[in-house]
$ cat structure.txt   # compact mmCIF, C-alpha atoms
# COMPACT_ATOMS: atom_id res chain seq x y z
CA MET A 1 203.20 56.68 95.48
CA PRO A 2 205.45 56.37 98.58
CA ASN A 3 204.38 57.82 101.93
CA ILE A 4 206.06 58.57 105.25
CA ILE A 5 206.18 54.90 106.28
CA ASP A 6 207.99 54.00 103.06
CA TYR A 7 210.45 56.78 103.90
CA ILE A 8 211.45 54.95 107.11
CA ASP A 9 212.28 51.85 105.07
CA TRP A 10 214.45 53.95 102.75
CA ARG A 11 216.32 56.17 105.19
CA GLY A 12 215.87 54.53 108.56
CA ASP A 13 219.47 53.34 108.56
CA LEU A 14 220.88 56.89 108.46
CA THR A 15 221.61 58.77 111.68
CA PHE A 16 220.87 62.47 112.02
CA GLU A 17 224.60 63.10 112.03
CA GLN A 18 224.76 61.54 108.57
CA SER A 19 221.66 63.31 107.23
CA ARG A 20 220.10 66.13 109.22
CA LEU A 21 216.42 66.30 110.08
CA ASN A 22 214.15 67.13 107.13
CA GLU A 23 210.47 67.83 106.48
CA VAL A 24 209.51 64.14 106.24
CA ASP A 25 211.23 63.39 109.57
CA ASN A 26 209.20 66.25 110.98
CA ALA A 27 205.92 64.67 109.86
CA LEU A 28 206.83 61.35 111.48
CA LEU A 29 207.82 62.95 114.78
CA VAL A 30 204.64 65.00 114.80
CA PHE A 31 202.43 61.95 114.24
CA PHE A 32 204.28 60.16 117.05
CA SER A 33 202.85 62.75 119.47
CA PHE A 34 199.42 61.07 119.30
CA LEU A 35 200.73 58.08 121.29
CA ASP A 36 199.79 58.29 124.97
CA MET A 37 203.21 58.29 126.62
CA LYS A 38 202.01 59.41 130.04
CA GLY A 39 203.96 57.50 132.69
CA ILE A 40 206.46 56.28 130.08
CA VAL A 41 208.20 59.43 128.85
CA PRO A 42 209.32 61.73 131.71
CA SER A 43 207.06 64.77 132.11
CA GLU A 44 209.97 67.13 132.67
CA PRO A 45 212.08 68.06 129.64
CA GLY A 46 215.79 67.44 130.11
CA GLU A 47 218.88 65.55 129.09
CA LYS A 48 217.71 62.43 130.93
CA GLY A 49 214.90 60.69 129.15
CA ILE A 50 213.96 57.42 127.53
CA THR A 51 214.82 56.28 124.03
CA LEU A 52 212.06 56.26 121.44
CA ARG A 53 212.69 52.54 121.00
CA GLU A 54 212.19 51.76 124.68
CA ALA A 55 209.21 54.12 125.02
CA THR A 56 207.47 52.47 122.07
CA GLU A 57 208.08 48.99 123.48
CA LYS A 58 206.60 50.04 126.84
CA TYR A 59 203.61 51.64 125.08
CA PHE A 60 202.70 48.44 123.23
CA GLU A 61 203.30 46.36 126.35
CA ARG A 62 200.84 48.57 128.21
CA ILE A 63 198.05 48.39 125.63
CA ASP A 64 198.72 44.63 125.37
CA GLY A 65 196.79 44.02 122.17
CA GLN A 66 193.81 46.16 123.16
CA LYS A 67 191.98 47.88 120.35
CA ILE A 68 193.03 51.52 120.62
CA SER A 69 191.47 54.43 118.73
CA PHE A 70 192.75 58.00 118.57
CA GLY A 71 189.37 59.13 117.29
CA ALA A 72 187.23 59.48 114.21
CA VAL A 73 189.69 61.54 112.16
CA ILE A 74 193.11 60.26 113.30
CA PRO A 75 194.60 57.15 111.58
CA THR A 76 195.34 54.95 114.60
CA ASN A 77 196.53 51.82 112.76
CA GLU A 78 198.87 53.80 110.53
CA ILE A 79 200.37 55.64 113.52
CA HIS A 80 200.94 52.33 115.34
CA THR A 81 202.65 50.86 112.25
CA MET A 82 204.75 54.01 111.89
CA ALA A 83 205.79 53.98 115.56
CA LYS A 84 207.00 50.38 115.38
CA LYS A 85 209.06 51.11 112.29
CA MET A 86 210.53 54.26 113.85
CA ALA A 87 211.47 52.30 116.98
CA ALA A 88 213.20 49.60 114.95
CA SER A 89 215.18 52.09 112.86
CA VAL A 90 218.67 53.43 113.50
CA ARG A 91 217.50 56.93 112.66
CA PHE A 92 214.75 57.31 115.25
CA GLY A 93 215.17 54.45 117.72
CA SER A 94 217.92 56.06 119.83
CA ALA A 95 216.28 59.51 120.05
CA MET A 96 215.91 60.54 123.71
CA LEU A 97 212.35 61.55 124.62
CA SER A 98 211.35 63.75 127.55
CA GLY A 99 208.86 66.43 128.54
CA PHE A 100 205.70 64.52 127.62
CA THR A 101 202.70 66.69 128.46
CA ASP A 102 199.05 65.91 127.81
CA LYS A 103 196.32 67.99 129.40
CA ILE A 104 192.63 68.73 128.92
CA ASP A 105 191.16 71.75 130.71
CA LEU A 106 187.41 72.09 130.09
CA GLU A 107 187.15 75.38 131.97
CA ALA A 108 189.98 77.00 130.02
CA GLU A 109 188.82 75.23 126.83
CA GLU A 110 192.29 73.85 126.27
CA GLN A 111 193.65 70.63 124.73
CA PHE A 112 197.43 70.64 124.75
CA ALA A 113 200.02 67.91 124.28
CA ALA A 114 203.73 67.94 123.43
CA TYR A 115 207.00 66.06 123.82
CA THR A 116 210.68 66.74 123.13
CA ALA A 117 213.16 64.53 121.28
CA LYS A 118 216.95 64.89 121.31
CA PHE A 119 219.04 63.28 118.55
CA ASP A 120 222.58 62.00 118.10
CA ASP A 121 223.65 65.26 116.43
CA GLY A 122 222.75 67.23 119.58
CA SER A 123 219.67 68.88 118.08
CA ILE A 124 216.23 69.10 119.70
CA PHE A 125 212.78 68.63 118.15
CA ILE A 126 209.66 69.80 119.98
CA SER A 127 206.45 68.22 118.69
CA PHE A 128 203.08 69.83 119.40
CA ARG A 129 200.07 67.54 119.00
CA GLY A 130 197.27 68.77 116.78
CA THR A 131 193.59 68.69 117.61
CA ASP A 132 192.61 65.30 118.97
CA ASP A 133 189.17 63.67 119.12
CA THR A 134 187.90 65.76 122.05
CA LEU A 135 185.24 68.39 121.41
CA VAL A 136 187.03 70.80 123.74
CA GLY A 137 190.02 70.54 121.42
CA TRP A 138 187.86 71.57 118.48
CA LYS A 139 186.34 74.38 120.54
CA GLU A 140 189.83 75.71 121.14
CA ASP A 141 190.32 75.77 117.36
CA LEU A 142 187.15 77.85 117.02
CA ASN A 143 188.45 80.21 119.71
CA MET A 144 191.32 81.17 117.42
CA SER A 145 188.84 83.12 115.30
CA PHE A 146 188.16 85.68 118.02
CA THR A 147 190.94 85.32 120.63
CA GLU A 148 194.38 86.91 120.38
CA GLU A 149 195.88 84.09 122.46
CA THR A 150 194.23 80.76 123.27
CA SER A 151 195.11 78.73 126.36
CA GLY A 152 196.92 76.21 124.17
CA GLN A 153 199.03 78.90 122.53
CA LYS A 154 200.00 80.23 125.94
CA SER A 155 200.95 76.72 127.08
CA ALA A 156 203.06 76.25 123.93
CA VAL A 157 205.06 79.41 124.68
CA GLU A 158 205.64 78.25 128.26
CA TYR A 159 206.63 74.76 127.10
CA LEU A 160 209.20 76.05 124.60
CA PHE A 161 210.71 78.36 127.22
CA LYS A 162 210.95 75.47 129.70
CA VAL A 163 212.72 73.25 127.16
CA SER A 164 215.14 76.04 126.23
CA LYS A 165 216.10 76.45 129.89
CA SER A 166 216.64 72.75 130.58
CA MET A 167 218.25 71.51 127.35
CA GLU A 168 221.15 72.62 125.17
CA GLY A 169 221.36 72.48 121.39
CA PRO A 170 219.67 73.94 118.31
CA ILE A 171 215.88 73.70 118.40
CA ARG A 172 213.36 72.68 115.77
CA LEU A 173 209.62 72.77 116.32
CA GLY A 174 206.78 71.07 114.48
CA GLY A 175 203.11 70.30 114.58
CA HIS A 176 200.18 69.23 112.43
CA SER A 177 196.96 71.27 112.16
CA LYS A 178 196.57 73.16 115.45
CA GLY A 179 200.00 71.82 116.43
CA GLY A 180 201.52 73.66 113.48
CA ASN A 181 199.89 76.87 114.65
CA LEU A 182 201.32 76.29 118.14
CA ALA A 183 204.82 75.71 116.75
CA VAL A 184 204.83 79.03 114.88
CA TYR A 185 203.10 80.95 117.65
CA SER A 186 205.40 79.74 120.43
CA ALA A 187 208.49 80.60 118.40
CA ALA A 188 207.28 84.11 117.54
CA GLN A 189 206.18 84.89 121.10
CA SER A 190 209.36 83.64 122.78
CA PRO A 191 212.13 85.92 124.04
CA TYR A 192 214.82 86.84 121.54
CA SER A 193 217.35 84.63 123.37
CA VAL A 194 215.12 81.60 122.70
CA ARG A 195 214.34 82.59 119.10
CA GLN A 196 218.09 82.70 118.38
CA ARG A 197 218.32 78.96 119.07
CA ILE A 198 215.46 78.01 116.75
CA PHE A 199 216.74 76.53 113.51
CA ARG A 200 213.45 75.56 111.82
CA ILE A 201 209.68 75.63 112.46
CA TYR A 202 207.51 73.08 110.63
CA ASN A 203 203.85 73.98 110.22
CA ASN A 204 201.98 71.05 108.66
CA ASP A 205 198.67 72.43 107.33
CA GLY A 206 198.07 74.48 110.47
CA PRO A 207 195.53 77.35 110.56
CA GLY A 208 196.49 81.02 110.55
CA PHE A 209 196.45 83.59 113.31
CA ALA A 210 194.66 86.57 114.79
CA LYS A 211 194.80 89.85 112.88
CA GLY A 212 198.07 91.67 113.48
CA PHE A 213 200.14 88.60 114.40
CA LEU A 214 201.84 88.53 111.01
CA GLU A 215 203.05 92.11 111.57
CA SER A 216 204.56 91.34 114.98
CA GLU A 217 208.29 91.69 115.61
CA GLY A 218 208.62 88.10 116.71
CA TYR A 219 206.97 86.73 113.57
CA ALA A 220 209.15 88.90 111.34
CA ASP A 221 212.20 87.47 113.12
CA ILE A 222 211.28 83.81 112.51
CA LYS A 223 209.42 84.05 109.20
CA ARG A 224 212.29 82.81 107.03
CA ARG A 225 212.74 79.77 109.27
CA ILE A 226 209.14 78.56 108.84
CA VAL A 227 208.41 75.63 106.55
CA LYS A 228 204.65 75.56 106.03
CA LEU A 229 203.39 72.57 104.06
CA VAL A 230 199.82 72.38 102.75
CA PRO A 231 198.08 69.93 100.38
CA GLN A 232 196.35 71.07 97.17
CA ASP A 233 192.91 71.02 98.77
CA SER A 234 194.00 72.69 102.00
CA VAL A 235 191.19 74.35 103.96
CA ILE A 236 192.31 74.25 107.59
CA GLY A 237 195.79 75.46 106.67
CA MET A 238 194.39 78.49 104.85
CA MET A 239 191.96 79.65 107.55
CA LEU A 240 192.34 82.97 109.38
CA TYR A 241 195.30 85.26 108.60
CA ASN A 242 198.18 83.76 106.62
CA ASP A 243 200.91 85.02 104.34
CA ASP A 244 202.20 83.44 101.11
CA ASN A 245 205.02 81.64 102.90
CA TYR A 246 203.87 78.06 102.17
CA THR A 247 204.62 75.10 99.88
CA VAL A 248 201.88 73.04 98.21
CA ILE A 249 202.42 69.28 98.19
CA LYS A 250 200.73 66.23 96.66
CA SER A 251 198.35 63.95 98.56
CA ALA A 252 197.09 60.50 97.60
CA ARG A 253 193.50 61.60 98.22
CA SER A 254 191.32 64.63 97.52
CA GLY A 255 189.22 67.03 99.58
CA ILE A 256 189.41 67.19 103.37
CA ASP A 257 191.18 63.79 103.47
CA GLN A 258 194.30 65.62 102.31
CA HIS A 259 194.65 67.11 105.80
CA ASN A 260 195.95 63.67 106.86
CA THR A 261 199.76 63.84 106.68
CA TYR A 262 199.99 60.06 106.32
CA LEU A 263 198.56 60.45 102.81
CA TRP A 264 201.12 63.03 101.67
CA GLN A 265 203.35 61.67 98.91
CA VAL A 266 207.09 61.45 99.48
CA GLN A 267 209.88 61.97 96.97
CA GLY A 268 213.30 61.25 98.44
CA LYS A 269 213.72 63.23 101.63
CA ARG A 270 210.91 65.70 101.00
CA PHE A 271 207.25 65.77 100.00
CA LEU A 272 206.28 65.89 96.34
CA ARG A 273 205.62 69.48 95.21
CA VAL A 274 202.67 70.38 92.96
CA GLY A 275 202.93 74.17 92.66
CA LYS A 276 199.61 75.64 93.70
CA LEU A 277 196.25 75.08 95.38
CA THR A 278 193.31 73.84 93.33
CA GLN A 279 190.91 76.50 92.04
CA LYS A 280 187.99 75.12 94.06
CA THR A 281 190.08 75.36 97.21
CA VAL A 282 191.08 78.96 96.51
CA ILE A 283 187.40 79.88 96.02
CA LEU A 284 186.35 78.07 99.21
CA ASN A 285 189.10 79.65 101.30
CA ASN A 286 188.42 83.15 99.98
CA THR A 287 184.72 82.75 100.72
CA LEU A 288 185.29 81.37 104.22
CA ASN A 289 187.70 84.13 105.15
CA ARG A 290 185.49 86.88 103.70
CA TRP A 291 182.47 85.46 105.53
CA LEU A 292 184.46 85.45 108.77
CA GLU A 293 185.84 88.94 108.15
CA ASP A 294 182.27 90.27 108.00
CA LYS A 295 181.69 89.14 111.60
CA ASP A 296 182.90 91.28 114.50
CA MET A 297 184.66 89.58 117.42
CA ASP A 298 181.56 89.44 119.63
CA THR A 299 179.55 87.79 116.86
CA ARG A 300 182.31 85.25 116.26
CA ARG A 301 182.42 84.47 119.97
CA GLU A 302 178.66 83.98 120.13
CA LEU A 303 178.63 81.75 117.05
CA CYS A 304 181.49 79.57 118.29
CA SER A 305 179.88 79.22 121.72
CA ALA A 306 176.56 78.27 120.15
CA VAL A 307 178.18 75.66 117.90
CA TYR A 308 180.02 74.16 120.89
CA GLU A 309 176.80 74.13 122.90
CA ILE A 310 175.07 72.23 120.12
CA MET A 311 177.89 69.68 119.97
CA THR A 312 177.87 69.06 123.73
CA ALA A 313 174.15 69.42 124.54
CA ALA A 314 173.58 65.65 124.43
CA ASN A 315 176.63 64.98 126.63
CA ALA A 316 178.97 64.14 123.76
CA LYS A 317 182.65 64.46 124.62
CA THR A 318 184.35 63.43 121.37
CA LEU A 319 183.78 63.34 117.62
CA THR A 320 183.70 59.55 117.93
CA ASP A 321 180.53 59.88 120.01
CA PHE A 322 178.78 61.30 116.97
CA SER A 323 180.15 58.61 114.65
CA LYS A 324 178.80 55.91 117.00
CA ASP A 325 175.36 57.50 117.37
CA LYS A 326 174.04 59.00 114.13
CA LEU A 327 171.07 60.65 115.88
CA LEU A 328 173.17 62.32 118.57
CA LEU A 329 173.54 65.59 116.65
CA ILE A 330 169.79 65.82 116.10
CA ARG A 331 169.16 65.35 119.81
CA SER A 332 171.83 67.95 120.59
CA VAL A 333 170.25 70.53 118.29
CA SER A 334 166.86 70.01 119.92
CA LYS A 335 168.24 70.71 123.39
CA ILE A 336 169.57 74.26 122.93
CA GLU A 337 167.70 77.54 122.94
CA PRO A 338 165.88 78.25 119.64
CA GLN A 339 167.52 81.70 119.45
CA LYS A 340 171.04 80.20 119.46
CA ARG A 341 170.05 77.42 117.08
CA ASP A 342 168.57 79.92 114.62
CA MET A 343 171.69 82.10 114.81
CA VAL A 344 173.91 79.18 113.80
CA PHE A 345 171.60 78.08 110.97
CA ARG A 346 171.35 81.64 109.62
CA ALA A 347 175.13 81.97 109.63
CA LEU A 348 175.58 78.64 107.83
CA SER A 349 172.92 79.55 105.29
CA GLU A 350 174.70 82.84 104.62
CA LEU A 351 178.00 81.02 104.13
CA VAL A 352 176.49 78.48 101.71
CA THR A 353 174.83 81.27 99.70
CA MET A 354 178.12 83.15 99.42
CA LEU A 355 179.96 80.01 98.38
CA VAL A 356 177.45 79.11 95.65
CA ARG A 357 177.59 82.66 94.31
CA ASP A 358 181.40 82.75 94.31
CA GLN A 359 181.65 79.37 92.59
CA ALA A 360 179.17 80.47 89.91
CA ALA A 361 181.11 83.69 89.33
CA ALA A 362 184.36 81.75 88.94
CA ILE A 363 183.03 79.51 86.16
CA ALA A 364 181.00 82.20 84.35
CA PRO A 365 182.40 83.00 80.87
CA LYS A 366 184.40 86.21 80.71
CA PRO A 367 183.05 88.88 78.30
CA ARG A 368 184.93 89.12 75.01
CA GLU A 369 186.59 92.40 74.13
CA LYS A 370 186.85 94.36 70.88
CA ALA A 371 188.54 97.58 69.84
CA SER A 372 186.22 100.59 69.60
CA GLY A 373 187.95 101.93 66.51
CA LYS A 374 189.29 105.50 66.64
CA ASN A 375 191.02 105.57 70.05
CA GLY A 376 191.66 101.85 70.36
CA VAL A 377 189.82 101.56 73.68
CA LYS A 378 188.52 98.01 74.22
CA THR A 379 184.91 97.45 75.18
CA ALA A 380 183.13 94.29 76.30
CA LYS A 381 180.68 92.71 73.89
$ encode --input "structure.txt" --output "structure tokens"
Amino acid sequence: MPNIIDYIDWRGDLTFEQSRLNEVDNALLVFFSFLDMKGIVPSEPGEKGITLREATEKYFERIDGQKISFGAVIPTNEIHTMAKKMAASVRFGSAMLSGFTDKIDLEAEEQFAAYTAKFDDGSIFISFRGTDDTLVGWKEDLNMSFTEETSGQKSAVEYLFKVSKSMEGPIRLGGHSKGGNLAVYSAAQSPYSVRQRIFRIYNNDGPGFAKGFLESEGYADIKRRIVKLVPQDSVIGMMLYNDDNYTVIKSARSGIDQHNTYLWQVQGKRFLRVGKLTQKTVILNNTLNRWLEDKDMDTRRELCSAVYEIMTAANAKTLTDFSKDKLLLIRSVSKIEPQKRDMVFRALSELVTMLVRDQAAAIAPKPREKASGKNGVKTAK
């Protein structure tokens, strides 16, 4: 089945004036954000920038055949292939890029990256990068479970406001995973004058929000402009607090691999729809969210801190570190305080027990019913 790279071959000859930006374009532009454009794309957003074609050429000149990896869970080769095709196309090659930002703040537990593209039809697309390979990036994801506003969410609001002040035109925002969360959050938390300019917000399998966010005035204002896309086996996209404003699409794989947008199947200028989440995914998501709901904010904070301490105790900085050294996690676990280690193991054991019970209940045969006779009331056999 065709994917986003095939889409470039089909529609790469059409300008955005001929066919306006759609959900597949969004996925391509979001994946492009994983390229390190520091020193190539101007850091300040504005009308003066560099074309996507020229930026991509400079990027590949700089890496000069070196073997580059974006990490254990990000498809580097596919993104490189995609970028070259985008650069060679009429549709994407002339897009003007600016405002490239990429920062890691260990103290603030923040991983944030974004860039802005302006197209021939005068519209703007802001792309927020999702979680990268860094452990601090994953810790920031965990922080969403107990923090009303993470450092990355705050940076996203500031970035959108800065772009709105320096550039004219209708605005679209997009992001994958955490980037999708940032796109929605920044739009909802922006001043009304900025929200008025936002035409569409693309959330590609991004996690939910803190309790109460969905009832906020800003979210109510932008809700109808959100396009949230999730695969059938979505887990990350269903975490925390969400509403039913999402579309389920088809992936070429199953399980957690479906989180990879590159594997989403394309039909024309949109992703292939499948209707609903799989039953196993619904059970898993309900169990995860109920397990989390049972924990107060202090307990969530302690658990997340303990998990992060385990991951970093042996001086690991990225997920790739663990893939290179299979014993690294064992050494990390042995280095932290037994009390914290036991707390994490107890919590995981509780989660597994709940999940097994919920799965068993879902497949258990339902009791048959029969009429009682005189009053017609049905009773279970």
$ residues_around --input "structure.txt" --residues "A:Lys118" --least-positions-apart "6" --cutoff "6 Å" --atoms "only C-alpha atoms" --output "PyMOL selection string"
chain A and resi 95-96+124
$ atom_distance --input "structure.txt" --atom1 "atom CA of A:Trp264" --atom2 "atom CA of A:Ala114"
22.5 Å
$ atom_distance --input "structure.txt" --atom1 "atom CA of A:Ala314" --atom2 "atom CA of A:Arg331"
6.4 Å
$ closest_residue --input "structure.txt" --among "A:Val248, A:Leu142, A:Leu327, A:Leu355" --to "A:Glu302" --atoms "only C-alpha atoms"
A:Leu142
$ axis_aligned_box --input "structure.txt" --around "stretch 286-296 of chain A" --padding-each-side "4 Å" --output "AutoDock Vina command-line options"
--center_x 185.1 --center_y 86.3 --center_z 107.2 --size_x 14.7 --size_y 17.9 --size_z 22.5
$ residues_around --input "structure.txt" --residues "A:Leu182" --least-positions-apart "5" --cutoff "12 Å" --atoms "only C-alpha atoms" --output "PDB file with C-alpha atoms, in the frame of the given file"
ATOM      1  CA  GLN A 111     193.650  70.630 124.730  1.00  0.00           C
ATOM      2  CA  PHE A 112     197.430  70.640 124.750  1.00  0.00           C
ATOM      3  CA  ALA A 113     200.020  67.910 124.280  1.00  0.00           C
ATOM      4  CA  ALA A 114     203.730  67.940 123.430  1.00  0.00           C
ATOM      5  CA  ILE A 126     209.660  69.800 119.980  1.00  0.00           C
ATOM      6  CA  SER A 127     206.450  68.220 118.690  1.00  0.00           C
ATOM      7  CA  PHE A 128     203.080  69.830 119.400  1.00  0.00           C
ATOM      8  CA  ARG A 129     200.070  67.540 119.000  1.00  0.00           C
ATOM      9  CA  GLY A 130     197.270  68.770 116.780  1.00  0.00           C
ATOM     10  CA  THR A 131     193.590  68.690 117.610  1.00  0.00           C
ATOM     11  CA  GLU A 140     189.830  75.710 121.140  1.00  0.00           C
ATOM     12  CA  ASP A 141     190.320  75.770 117.360  1.00  0.00           C
ATOM     13  CA  MET A 144     191.320  81.170 117.420  1.00  0.00           C
ATOM     14  CA  GLU A 149     195.880  84.090 122.460  1.00  0.00           C
ATOM     15  CA  THR A 150     194.230  80.760 123.270  1.00  0.00           C
ATOM     16  CA  SER A 151     195.110  78.730 126.360  1.00  0.00           C
ATOM     17  CA  GLY A 152     196.920  76.210 124.170  1.00  0.00           C
ATOM     18  CA  GLN A 153     199.030  78.900 122.530  1.00  0.00           C
ATOM     19  CA  LYS A 154     200.000  80.230 125.940  1.00  0.00           C
ATOM     20  CA  SER A 155     200.950  76.720 127.080  1.00  0.00           C
ATOM     21  CA  ALA A 156     203.060  76.250 123.930  1.00  0.00           C
ATOM     22  CA  VAL A 157     205.060  79.410 124.680  1.00  0.00           C
ATOM     23  CA  GLU A 158     205.640  78.250 128.260  1.00  0.00           C
ATOM     24  CA  TYR A 159     206.630  74.760 127.100  1.00  0.00           C
ATOM     25  CA  LEU A 160     209.200  76.050 124.600  1.00  0.00           C
ATOM     26  CA  LEU A 173     209.620  72.770 116.320  1.00  0.00           C
ATOM     27  CA  GLY A 174     206.780  71.070 114.480  1.00  0.00           C
ATOM     28  CA  GLY A 175     203.110  70.300 114.580  1.00  0.00           C
ATOM     29  CA  HIS A 176     200.180  69.230 112.430  1.00  0.00           C
ATOM     30  CA  SER A 177     196.960  71.270 112.160  1.00  0.00           C
ATOM     31  CA  ALA A 187     208.490  80.600 118.400  1.00  0.00           C
ATOM     32  CA  ALA A 188     207.280  84.110 117.540  1.00  0.00           C
ATOM     33  CA  GLN A 189     206.180  84.890 121.100  1.00  0.00           C
ATOM     34  CA  SER A 190     209.360  83.640 122.780  1.00  0.00           C
ATOM     35  CA  ILE A 201     209.680  75.630 112.460  1.00  0.00           C
ATOM     36  CA  TYR A 202     207.510  73.080 110.630  1.00  0.00           C
ATOM     37  CA  ASN A 203     203.850  73.980 110.220  1.00  0.00           C
ATOM     38  CA  ASN A 204     201.980  71.050 108.660  1.00  0.00           C
ATOM     39  CA  ASP A 205     198.670  72.430 107.330  1.00  0.00           C
ATOM     40  CA  GLY A 206     198.070  74.480 110.470  1.00  0.00           C
ATOM     41  CA  PRO A 207     195.530  77.350 110.560  1.00  0.00           C
ATOM     42  CA  GLY A 208     196.490  81.020 110.550  1.00  0.00           C
ATOM     43  CA  PHE A 209     196.450  83.590 113.310  1.00  0.00           C
TER      44      PHE A 209
END
$ residues_near_point --input "structure.txt" --point "(220.0, 78.4, 120.1)" --cutoff "12 Å" --atoms "only C-alpha atoms" --output "count of residues only"
25
$ residues_around --input "structure.txt" --residues "A:Trp10" --least-positions-apart "2" --cutoff "12 Å" --atoms "only C-alpha atoms" --output "ChimeraX atom specification"
/A:2-8,12-14,24,85-86,89-91,266-269
$ residues_around --input "structure.txt" --residues "stretch 59-73 of chain A" --least-positions-apart "6" --cutoff "9 Å" --atoms "all atoms listed in the file" --output "PyMOL selection string"
chain A and resi 34-37+40+80+132-134+260+318-321+323
$ write_last_selection --input "structure.txt" --atoms "C-alpha atoms" --output "PDB file, in the frame of the given file"
ATOM      1  CA  PHE A  34     199.420  61.070 119.300  1.00  0.00           C
ATOM      2  CA  LEU A  35     200.730  58.080 121.290  1.00  0.00           C
ATOM      3  CA  ASP A  36     199.790  58.290 124.970  1.00  0.00           C
ATOM      4  CA  MET A  37     203.210  58.290 126.620  1.00  0.00           C
ATOM      5  CA  ILE A  40     206.460  56.280 130.080  1.00  0.00           C
ATOM      6  CA  HIS A  80     200.940  52.330 115.340  1.00  0.00           C
ATOM      7  CA  ASP A 132     192.610  65.300 118.970  1.00  0.00           C
ATOM      8  CA  ASP A 133     189.170  63.670 119.120  1.00  0.00           C
ATOM      9  CA  THR A 134     187.900  65.760 122.050  1.00  0.00           C
ATOM     10  CA  ASN A 260     195.950  63.670 106.860  1.00  0.00           C
ATOM     11  CA  THR A 318     184.350  63.430 121.370  1.00  0.00           C
ATOM     12  CA  LEU A 319     183.780  63.340 117.620  1.00  0.00           C
ATOM     13  CA  THR A 320     183.700  59.550 117.930  1.00  0.00           C
ATOM     14  CA  ASP A 321     180.530  59.880 120.010  1.00  0.00           C
ATOM     15  CA  SER A 323     180.150  58.610 114.650  1.00  0.00           C
TER      16      SER A 323
END
$ residues_around --input "structure.txt" --residues "stretch 279-295 of chain A" --least-positions-apart "3" --cutoff "7 Å" --atoms "all atoms listed in the file" --output "JSON, numbers by chain"
{"A": [233, 234, 235, 238, 239, 240, 299, 300, 351, 354, 355, 358, 359]}
$ atom_distance --input "structure.txt" --atom1 "atom CA of A:Ile226" --atom2 "atom CA of A:Gly93"
26.4 Å
$ closest_residue --input "structure.txt" --among "A:Ser33, A:Ser166, A:Ser251, A:Glu107" --to "A:Glu47" --atoms "all atoms listed in the file"
A:Ser166
$ closest_residue --input "structure.txt" --among "A:Ser305, A:Ser254, A:Gln232, A:Asn181" --to "A:Glu109" --atoms "all atoms listed in the file"
A:Ser305
$ closest_residue --input "structure.txt" --among "A:Gly137, A:Leu229, A:Thr76, A:Glu148" --to "A:Phe213" --atoms "only C-alpha atoms"
A:Glu148
$ closest_residue --input "structure.txt" --among "A:Arg273, A:Ile79, A:Ser332, A:Pro367" --to "A:Ala316" --atoms "only C-alpha atoms"
A:Ser332
$ residues_near_point --input "structure.txt" --point "(175.3, 80.2, 111.4)" --cutoff "12 Å" --atoms "all atoms listed in the file" --output "VMD selection string"
chain A and resid 291 to 292 295 299 to 307 310 339 to 353
